[in-house]
$ cat upload-v8.pdb   # PDB, C-alpha atoms
MODEL        1
ATOM      1  CA  MET Q   5     125.051 155.840 107.789
ATOM      2  CA  SER Q   6     125.646 152.368 109.118
ATOM      3  CA  VAL Q   7     123.375 149.714 110.546
ATOM      4  CA  ASN Q   8     122.470 150.235 114.190
ATOM      5  CA  PRO Q   9     124.040 147.370 116.198
ATOM      6  CA  GLU Q  10     121.340 147.804 118.844
ATOM      7  CA  LEU Q  11     118.854 146.307 116.387
ATOM      8  CA  GLN Q  12     120.095 142.883 117.414
ATOM      9  CA  GLY Q  13     117.454 141.109 119.468
ATOM     10  CA  ARG Q  14     114.709 143.592 118.627
ATOM     11  CA  VAL Q  15     111.256 142.043 118.258
ATOM     12  CA  PHE Q  16     108.762 143.880 116.053
ATOM     13  CA  PRO Q  17     104.994 143.933 116.543
ATOM     14  CA  PRO Q  18     103.170 141.229 114.529
ATOM     15  CA  VAL Q  19     102.049 142.368 111.071
ATOM     16  CA  ALA Q  20      98.391 142.231 109.987
ATOM     17  CA  PRO Q  21      97.171 138.680 109.282
ATOM     18  CA  TYR Q  22      97.653 137.394 105.716
ATOM     19  CA  LEU Q  23      94.805 135.292 104.297
ATOM     20  CA  VAL Q  24      96.178 132.752 101.816
ATOM     21  CA  GLY Q  25      93.945 132.680  98.716
ATOM     22  CA  ARG Q  26      93.666 129.673  96.416
ATOM     23  CA  GLU Q  27      94.165 131.726  93.258
ATOM     24  CA  LYS Q  28      97.185 133.480  94.785
ATOM     25  CA  VAL Q  29      98.745 130.094  95.495
ATOM     26  CA  ARG Q  30      98.102 129.029  91.893
ATOM     27  CA  GLU Q  31      99.464 132.302  90.514
ATOM     28  CA  PHE Q  32     102.617 131.983  92.608
ATOM     29  CA  ALA Q  33     102.974 128.311  91.662
ATOM     30  CA  ARG Q  34     102.852 129.205  87.952
ATOM     31  CA  ALA Q  35     105.447 131.939  88.481
ATOM     32  CA  VAL Q  36     107.967 129.504  90.018
ATOM     33  CA  PHE Q  37     107.235 126.738  87.472
ATOM     34  CA  ALA Q  38     105.568 124.521  90.084
ATOM     35  CA  THR Q  39     103.569 121.939  88.175
ATOM     36  CA  ASN Q  40     102.622 119.525  90.941
ATOM     37  CA  PRO Q  41      98.812 119.017  90.995
ATOM     38  CA  ILE Q  42      98.829 119.502  94.791
ATOM     39  CA  ASN Q  43      99.795 123.147  94.112
ATOM     40  CA  HIS Q  44      96.931 123.700  91.675
ATOM     41  CA  ASP Q  45      94.070 121.263  92.079
ATOM     42  CA  PRO Q  46      92.020 121.203  95.314
ATOM     43  CA  GLU Q  47      90.932 117.609  94.596
ATOM     44  CA  ALA Q  48      94.542 116.445  94.252
ATOM     45  CA  ALA Q  49      95.420 118.351  97.434
ATOM     46  CA  ARG Q  50      92.549 116.774  99.372
ATOM     47  CA  ALA Q  51      93.510 113.331  98.085
ATOM     48  CA  ALA Q  52      96.977 113.963  99.560
ATOM     49  CA  GLY Q  53      95.461 114.905 102.929
ATOM     50  CA  TYR Q  54      95.373 118.706 102.728
ATOM     51  CA  ALA Q  55      92.386 121.030 103.184
ATOM     52  CA  ASP Q  56      93.121 122.917  99.940
ATOM     53  CA  VAL Q  57      95.934 123.624  97.469
ATOM     54  CA  VAL Q  58      99.421 123.678  99.010
ATOM     55  CA  ALA Q  59     101.693 126.675  98.419
ATOM     56  CA  PRO Q  60     105.185 126.146  96.949
ATOM     57  CA  PRO Q  61     107.869 126.294  99.689
ATOM     58  CA  THR Q  62     109.049 129.787  98.795
ATOM     59  CA  PHE Q  63     105.525 131.259  98.927
ATOM     60  CA  ALA Q  64     106.347 131.996 102.565
ATOM     61  CA  VAL Q  65     108.339 134.997 101.321
ATOM     62  CA  VAL Q  66     105.063 136.710 100.389
ATOM     63  CA  VAL Q  67     103.981 136.505 104.037
ATOM     64  CA  GLN Q  68     107.441 137.481 105.266
ATOM     65  CA  GLU Q  69     107.637 140.553 103.032
ATOM     66  CA  ALA Q  70     105.596 142.848 105.311
ATOM     67  CA  THR Q  71     107.952 142.113 108.202
ATOM     68  CA  LEU Q  72     111.027 143.039 106.159
ATOM     69  CA  ALA Q  73     109.271 146.265 105.165
ATOM     70  CA  GLN Q  74     108.878 146.993 108.911
ATOM     71  CA  LEU Q  75     112.595 146.466 109.443
ATOM     72  CA  LEU Q  76     113.622 148.713 106.536
ATOM     73  CA  ALA Q  77     111.238 151.446 107.719
ATOM     74  CA  GLU Q  78     112.463 151.366 111.331
ATOM     75  CA  PRO Q  79     113.636 154.957 111.947
ATOM     76  CA  ASP Q  80     116.789 154.087 113.903
ATOM     77  CA  ALA Q  81     117.761 150.979 111.880
ATOM     78  CA  GLY Q  82     120.162 152.805 109.579
ATOM     79  CA  ILE Q  83     119.438 150.410 106.708
ATOM     80  CA  ASP Q  84     119.697 152.144 103.332
ATOM     81  CA  PHE Q  85     117.540 150.018 101.030
ATOM     82  CA  SER Q  86     119.540 151.026  97.936
ATOM     83  CA  ARG Q  87     122.578 149.322  99.518
ATOM     84  CA  VAL Q  88     120.804 146.106 100.520
ATOM     85  CA  VAL Q  89     121.645 142.805  98.819
ATOM     86  CA  HIS Q  90     119.782 139.607  99.666
ATOM     87  CA  GLY Q  91     122.526 137.332 100.983
ATOM     88  CA  ASP Q  92     120.705 134.177 101.909
ATOM     89  CA  GLN Q  93     117.300 132.803 102.654
ATOM     90  CA  ARG Q  94     115.883 129.897 104.602
ATOM     91  CA  PHE Q  95     112.430 128.488 105.282
ATOM     92  CA  SER Q  96     111.897 125.989 108.106
ATOM     93  CA  PHE Q  97     108.441 124.449 108.156
ATOM     94  CA  SER Q  98     106.343 122.815 110.837
ATOM     95  CA  ARG Q  99     103.760 122.252 108.116
ATOM     96  CA  PRO Q 100     103.219 123.581 104.585
ATOM     97  CA  ILE Q 101     101.126 126.688 103.851
ATOM     98  CA  VAL Q 102      97.665 125.772 102.536
ATOM     99  CA  ALA Q 103      95.017 127.998 100.894
ATOM    100  CA  GLY Q 104      92.630 129.250 103.584
ATOM    101  CA  ASP Q 105      95.364 129.736 106.180
ATOM    102  CA  GLU Q 106      95.319 133.020 108.058
ATOM    103  CA  LEU Q 107      98.949 133.685 108.861
ATOM    104  CA  THR Q 108     100.572 136.181 111.175
ATOM    105  CA  ALA Q 109     104.286 136.968 110.986
ATOM    106  CA  THR Q 110     106.475 138.410 113.707
ATOM    107  CA  LEU Q 111     110.007 139.582 113.013
ATOM    108  CA  THR Q 112     112.991 139.299 115.314
ATOM    109  CA  VAL Q 113     116.406 140.656 114.391
ATOM    110  CA  ALA Q 114     118.504 137.602 115.178
ATOM    111  CA  SER Q 115     121.865 139.249 114.595
ATOM    112  CA  VAL Q 116     123.698 142.289 113.286
ATOM    113  CA  LYS Q 117     127.307 141.702 112.286
ATOM    114  CA  SER Q 118     130.005 143.783 110.654
ATOM    115  CA  LEU Q 119     132.167 142.214 108.008
ATOM    116  CA  GLY Q 120     134.794 144.168 106.099
ATOM    117  CA  GLY Q 121     132.870 147.438 106.001
ATOM    118  CA  HIS Q 122     129.558 145.728 105.281
ATOM    119  CA  SER Q 123     126.815 144.846 107.723
ATOM    120  CA  MET Q 124     124.968 141.544 107.787
ATOM    121  CA  VAL Q 125     121.491 141.663 109.272
ATOM    122  CA  THR Q 126     119.762 138.361 109.935
ATOM    123  CA  ALA Q 127     115.998 138.776 110.191
ATOM    124  CA  GLU Q 128     113.879 135.892 111.422
ATOM    125  CA  SER Q 129     110.128 136.016 110.723
ATOM    126  CA  ARG Q 130     108.090 133.496 112.654
ATOM    127  CA  VAL Q 131     104.785 132.702 110.961
ATOM    128  CA  VAL Q 132     101.880 131.204 112.900
ATOM    129  CA  ASP Q 133      98.339 130.220 111.872
ATOM    130  CA  ALA Q 134      95.006 131.427 113.288
ATOM    131  CA  THR Q 135      95.329 129.006 116.224
ATOM    132  CA  GLY Q 136      98.789 130.361 117.044
ATOM    133  CA  ALA Q 137     100.526 127.169 115.892
ATOM    134  CA  HIS Q 138     103.883 127.559 114.167
ATOM    135  CA  VAL Q 139     103.804 127.100 110.376
ATOM    136  CA  VAL Q 140     107.148 128.349 109.093
ATOM    137  CA  THR Q 141     110.079 130.511 110.071
ATOM    138  CA  ALA Q 142     111.513 132.563 107.226
ATOM    139  CA  THR Q 143     115.066 133.776 107.771
ATOM    140  CA  SER Q 144     116.765 136.330 105.536
ATOM    141  CA  THR Q 145     120.285 137.604 105.748
ATOM    142  CA  LEU Q 146     120.555 141.071 104.253
ATOM    143  CA  VAL Q 147     123.952 142.392 103.330
ATOM    144  CA  VAL Q 148     124.091 146.164 103.665
ATOM    145  CA  ARG Q 149     127.055 147.552 101.736
ATOM    146  CA  GLY Q 150     129.080 150.147 103.591
ATOM    147  CA  ASP Q 151     130.107 153.547 102.276
ATOM    148  CA  GLU Q 152     132.681 153.199  99.502
TER     149      GLU Q 152
ATOM    150  CA  MET F  22     108.669 118.675  82.504
ATOM    151  CA  SER F  23     108.625 116.030  85.199
ATOM    152  CA  ILE F  24     106.641 112.920  85.812
ATOM    153  CA  ILE F  25     104.797 112.506  89.094
ATOM    154  CA  SER F  26     105.977 109.306  90.645
ATOM    155  CA  ALA F  27     105.419 107.392  93.835
ATOM    156  CA  THR F  28     107.127 108.712  96.950
ATOM    157  CA  PRO F  29     110.754 107.581  97.017
ATOM    158  CA  CYS F  30     111.852 105.234  99.784
ATOM    159  CA  LEU F  31     114.560 106.401 102.127
ATOM    160  CA  GLU F  32     116.083 102.925 102.128
ATOM    161  CA  ASP F  33     116.677 103.058  98.372
ATOM    162  CA  LEU F  34     118.711 106.267  98.476
ATOM    163  CA  VAL F  35     122.485 106.574  98.260
ATOM    164  CA  VAL F  36     124.444 109.702  99.148
ATOM    165  CA  GLY F  37     125.690 111.340  95.955
ATOM    166  CA  ALA F  38     122.995 109.879  93.717
ATOM    167  CA  VAL F  39     121.289 112.306  91.316
ATOM    168  CA  VAL F  40     117.543 112.350  91.998
ATOM    169  CA  ALA F  41     116.480 115.051  89.548
ATOM    170  CA  GLU F  42     117.789 117.198  86.709
ATOM    171  CA  ALA F  43     116.017 120.007  84.923
ATOM    172  CA  SER F  44     116.593 123.138  82.908
ATOM    173  CA  PHE F  45     114.595 126.331  83.217
ATOM    174  CA  PRO F  46     114.466 128.716  80.269
ATOM    175  CA  LEU F  47     113.754 132.223  81.600
ATOM    176  CA  THR F  48     112.664 135.341  79.733
ATOM    177  CA  ARG F  49     111.840 138.884  80.797
ATOM    178  CA  ASP F  50     108.230 137.659  80.861
ATOM    179  CA  SER F  51     109.157 135.181  83.604
ATOM    180  CA  LEU F  52     110.415 138.074  85.732
ATOM    181  CA  VAL F  53     107.311 140.193  85.213
ATOM    182  CA  ARG F  54     105.161 137.204  86.114
ATOM    183  CA  TYR F  55     107.182 136.572  89.274
ATOM    184  CA  ALA F  56     107.083 140.262  90.219
ATOM    185  CA  GLY F  57     103.293 140.219  90.070
ATOM    186  CA  ALA F  58     102.919 136.917  91.899
ATOM    187  CA  SER F  59     105.377 137.772  94.670
ATOM    188  CA  GLY F  60     104.847 141.520  95.014
ATOM    189  CA  ASP F  61     108.568 142.205  94.503
ATOM    190  CA  PHE F  62     108.494 145.153  92.096
ATOM    191  CA  ASN F  63     112.124 146.202  92.376
ATOM    192  CA  PRO F  64     112.697 147.714  88.881
ATOM    193  CA  ILE F  65     116.152 146.120  88.517
ATOM    194  CA  HIS F  66     114.168 142.996  87.593
ATOM    195  CA  TYR F  67     112.431 144.545  84.593
ATOM    196  CA  ARG F  68     114.149 147.827  83.584
ATOM    197  CA  ASP F  69     117.647 147.930  82.138
ATOM    198  CA  ASP F  70     118.101 151.608  83.003
ATOM    199  CA  ALA F  71     117.256 150.915  86.655
ATOM    200  CA  ALA F  72     119.671 147.964  86.738
ATOM    201  CA  VAL F  73     122.476 149.960  85.105
ATOM    202  CA  SER F  74     121.961 152.896  87.501
ATOM    203  CA  VAL F  75     122.941 150.666  90.445
ATOM    204  CA  GLY F  76     125.982 149.249  88.666
ATOM    205  CA  LEU F  77     124.532 146.058  87.225
ATOM    206  CA  PRO F  78     125.146 145.034  83.614
ATOM    207  CA  GLY F  79     121.398 144.653  83.008
ATOM    208  CA  VAL F  80     118.150 143.162  84.248
ATOM    209  CA  LEU F  81     118.615 140.148  86.491
ATOM    210  CA  ALA F  82     116.243 137.511  87.793
ATOM    211  CA  HIS F  83     114.872 137.837  91.336
ATOM    212  CA  GLY F  84     117.010 135.636  93.584
ATOM    213  CA  MET F  85     113.768 134.396  95.101
ATOM    214  CA  LEU F  86     112.563 133.325  91.634
ATOM    215  CA  THR F  87     115.665 131.181  91.203
ATOM    216  CA  MET F  88     115.207 129.811  94.718
ATOM    217  CA  GLY F  89     111.548 129.162  93.907
ATOM    218  CA  PHE F  90     111.998 127.076  90.790
ATOM    219  CA  ALA F  91     115.239 125.380  91.870
ATOM    220  CA  VAL F  92     113.323 123.280  94.415
ATOM    221  CA  GLN F  93     110.590 122.200  91.999
ATOM    222  CA  PRO F  94     112.412 119.153  90.594
ATOM    223  CA  VAL F  95     112.808 118.024  94.215
ATOM    224  CA  VAL F  96     109.088 118.572  94.859
ATOM    225  CA  ASP F  97     108.239 116.446  91.825
ATOM    226  CA  TRP F  98     110.683 113.758  92.872
ATOM    227  CA  ALA F  99     109.189 113.718  96.389
ATOM    228  CA  GLY F 100     105.668 113.771  94.927
ATOM    229  CA  ASP F 101     104.272 116.367  97.343
ATOM    230  CA  PRO F 102     105.292 120.011  98.016
ATOM    231  CA  GLY F 103     104.414 119.474 101.692
ATOM    232  CA  ARG F 104     107.341 117.099 102.080
ATOM    233  CA  ILE F 105     109.854 119.972 101.885
ATOM    234  CA  VAL F 106     110.421 120.723 105.577
ATOM    235  CA  ASP F 107     113.409 123.033 105.258
ATOM    236  CA  TYR F 108     114.931 124.873 102.318
ATOM    237  CA  GLN F 109     117.846 127.271 102.239
ATOM    238  CA  VAL F 110     120.059 128.942  99.661
ATOM    239  CA  ARG F 111     122.786 131.553  99.446
ATOM    240  CA  PHE F 112     122.583 133.978  96.538
ATOM    241  CA  THR F 113     126.081 133.976  95.084
ATOM    242  CA  ARG F 114     125.787 135.219  91.476
ATOM    243  CA  PRO F 115     123.153 137.096  89.495
ATOM    244  CA  VAL F 116     121.254 135.510  86.613
ATOM    245  CA  LEU F 117     121.218 138.104  83.824
ATOM    246  CA  ILE F 118     118.245 137.919  81.503
ATOM    247  CA  ASP F 119     118.944 138.993  77.936
ATOM    248  CA  PRO F 120     115.933 140.903  76.539
ATOM    249  CA  ALA F 121     115.866 138.803  73.355
ATOM    250  CA  ASP F 122     117.420 135.483  74.277
ATOM    251  CA  GLY F 123     116.567 135.197  77.972
ATOM    252  CA  ALA F 124     118.684 132.796  79.995
ATOM    253  CA  VAL F 125     118.727 129.130  80.910
ATOM    254  CA  VAL F 126     119.373 127.896  84.440
ATOM    255  CA  THR F 127     120.165 124.218  84.775
ATOM    256  CA  LEU F 128     119.589 122.289  87.943
ATOM    257  CA  VAL F 129     121.024 119.088  89.393
ATOM    258  CA  ALA F 130     119.672 117.630  92.651
ATOM    259  CA  LYS F 131     121.709 115.047  94.536
ATOM    260  CA  VAL F 132     121.320 113.195  97.799
ATOM    261  CA  GLY F 133     123.506 115.081 100.294
ATOM    262  CA  ALA F 134     122.762 113.251 103.540
ATOM    263  CA  ILE F 135     120.294 110.725 104.896
ATOM    264  CA  ASP F 136     118.845 110.832 108.401
ATOM    265  CA  ALA F 137     117.038 107.499 108.553
ATOM    266  CA  ASP F 138     115.844 107.967 112.150
ATOM    267  CA  ALA F 139     114.167 111.292 111.383
ATOM    268  CA  GLY F 140     112.941 110.072 107.977
ATOM    269  CA  ILE F 141     114.558 113.077 106.339
ATOM    270  CA  VAL F 142     116.884 113.278 103.369
ATOM    271  CA  ARG F 143     118.942 116.348 102.525
ATOM    272  CA  ILE F 144     118.987 117.119  98.821
ATOM    273  CA  ASP F 145     121.810 119.353  97.604
ATOM    274  CA  LEU F 146     121.054 121.551  94.610
ATOM    275  CA  THR F 147     123.430 122.899  91.998
ATOM    276  CA  ALA F 148     121.969 125.716  89.898
ATOM    277  CA  THR F 149     124.097 126.783  86.948
ATOM    278  CA  PHE F 150     123.887 129.744  84.561
ATOM    279  CA  ASN F 151     126.580 130.485  81.962
ATOM    280  CA  GLU F 152     128.721 127.675  83.388
ATOM    281  CA  THR F 153     128.844 129.186  86.877
ATOM    282  CA  THR F 154     126.821 128.238  89.934
ATOM    283  CA  VAL F 155     124.376 130.911  91.064
ATOM    284  CA  LEU F 156     123.290 129.451  94.421
ATOM    285  CA  GLY F 157     125.529 128.375  97.287
ATOM    286  CA  LYS F 158     124.666 125.935 100.065
ATOM    287  CA  ALA F 159     121.348 125.199  98.354
ATOM    288  CA  GLN F 160     119.802 122.450 100.454
ATOM    289  CA  ALA F 161     116.280 121.093 100.729
ATOM    290  CA  ARG F 162     115.321 118.750 103.543
ATOM    291  CA  VAL F 163     112.620 116.335 102.480
ATOM    292  CA  ARG F 164     110.478 114.198 104.767
ATOM    293  CA  LEU F 165     109.927 110.804 103.274
ATOM    294  CA  ALA F 166     107.694 109.366 106.005
ATOM    295  CA  ALA F 167     104.374 107.828 104.959
ATOM    296  CA  ALA F 168     101.850 110.444 106.095
ATOM    297  CA  PRO F 169     101.708 113.915 104.528
ATOM    298  CA  LEU F 170     102.487 116.833 106.788
ATOM    299  CA  SER F 171      98.924 118.008 107.042
ATOM    300  CA  GLU F 172      97.352 119.884 109.918
ATOM    301  CA  ALA F 173      96.989 117.651 112.931
TER     302      ALA F 173
ENDMDL
END
$ encode --input "upload-v8.pdb" --output "structure tokens"
Amino acid sequence: MSVNPELQGRVFPPVAPYLVGREKVREFARAVFATNPINHDPEAARAAGYADVVAPPTFAVVVQEATLAQLLAEPDAGIDFSRVVHGDQRFSFSRPIVAGDELTATLTVASVKSLGGHSMVTAESRVVDATGAHVVTATSTLVVRGDE
Amino acid sequence: MSIISATPCLEDLVVGAVVAEASFPLTRDSLVRYAGASGDFNPIHYRDDAAVSVGLPGVLAHGMLTMGFAVQPVVDWAGDPGRIVDYQVRFTRPVLIDPADGAVVTLVAKVGAIDADAGIVRIDLTATFNETTVLGKAQARVRLAAAPLSEA
């Protein structure tokens, strides 16, 4: 089974909104060794101009995750999860994620390429807040190993 | 680990200068903690038998964990996590976590490029484990303008 080239350009329906909790931000911050007070202390965050604690940059992957699950579950995608390797990852922010945000992610398959028997799928998840304003775009390139 | 300092000035930066260095000792506990916090429960990050069954020598750290902590020295240098406006890495080599001894990833952050008009500096990261780099093209773009990037 190989990756369906017709996936390229496909836009998935938005996933259910993700409400960013303060304790989740703190838990994630501890897990990635983020020690900045703006990640942990609402007072420090407010003093820096934010409504609440600010999530570490890579917290966006938690919001992105549901969109990647959509892609892997797509019946005609031909992506065998046991052959998937995370190739690269990018986050491009309009503003940081802050506790209290209600975020909605929408996935677009930016490209599907073949490279020496492997497939490279670039998935772009655009994350917006409750007002519809762009917060971050999370882009993953998944390398799907071909049959040996 | 790091000292919170005033926001660096773009004008004071020189391409190639080291802005932060750090080392991150990891254990299996670190991986379990990250699994819970991130929701990534792939067993290759906590079970040797699962890792071996897919051809790996043993349990390895989540790439996203390495990406997550590798930017933290830059956050502390910048003084505010909201100043990271763009961050990308390529996962080039696994970080194997010995059950008893863990692993240590060292990190060096250097000025890669300065865009004075945009007020953005590109910081290039080198993450090393067992004398090999584990991330490729690891770049964080940091806004060093006066106001934090809060909601308008």
$ closest_atom_pairs --input "upload-v8.pdb" --of "segment 13-103 of chain Q" --to "segment 141-162 of chain F" --cutoff "12 Å" --atoms "only C-alpha atoms" --output "CSV"
residue,atom,partner,partner_atom,distance
Q:Pro61,CA,F:Ala161,CA,9.9
Q:Thr62,CA,F:Ala161,CA,11.5
Q:His90,CA,F:Leu156,CA,12.0
Q:Gly91,CA,F:Gly157,CA,10.1
Q:Asp92,CA,F:Gly157,CA,8.8
Q:Gln93,CA,F:Ala159,CA,9.6
Q:Arg94,CA,F:Gln160,CA,9.4
Q:Phe95,CA,F:Ala161,CA,9.5
Q:Ser96,CA,F:Arg162,CA,9.2
Q:Phe97,CA,F:Arg162,CA,10.1
$ interface_residues --input "upload-v8.pdb" --of "chain Q" --to "chain F" --cutoff "10 Å" --atoms "only C-alpha atoms" --output "ChimeraX atom specification"
/Q:28-43,49,52-55,58-67,69,86-87,89-102,137,139-145
$ residues_around --input "upload-v8.pdb" --residues "Leu31 of chain F" --least-positions-apart "5" --cutoff "12 Å" --atoms "only C-alpha atoms" --output "PyMOL selection string"
chain F and resi 36+99+132+134-143+163-167
$ atom_distance --input "upload-v8.pdb" --atom1 "atom CA of Gly25 of chain Q" --atom2 "atom CA of Ala77 of chain Q"
27.1 Å
$ axis_aligned_box --input "upload-v8.pdb" --around "segment 76-91 of chain Q" --padding-each-side "4 Å" --output "JSON"
{"center_x": 116.9, "center_y": 146.1, "center_z": 105.9, "size_x": 19.3, "size_y": 25.6, "size_z": 24.0}
$ resolve_selection --input "upload-v8.pdb" --expression "the PyMOL selection byres ((chain Q and resi 119-124) around 9)" --output "PyMOL selection string"
chain Q and resi 6-7+91+115-118+125-126+145-152
$ atom_distance --input "upload-v8.pdb" --atom1 "atom CA of Pro46 of chain Q" --atom2 "atom CA of Ala103 of chain Q"
9.3 Å
$ residues_around --input "upload-v8.pdb" --residues "Ala81 of chain Q" --least-positions-apart "5" --cutoff "8 Å" --atoms "only C-alpha atoms" --output "list of chain:residue names"
Q:Val7, Q:Asn8, Q:Leu11, Q:Leu75, Q:Leu76
$ atom_distance --input "upload-v8.pdb" --atom1 "atom CA of Val35 of chain F" --atom2 "atom CA of Val126 of chain F"
25.6 Å
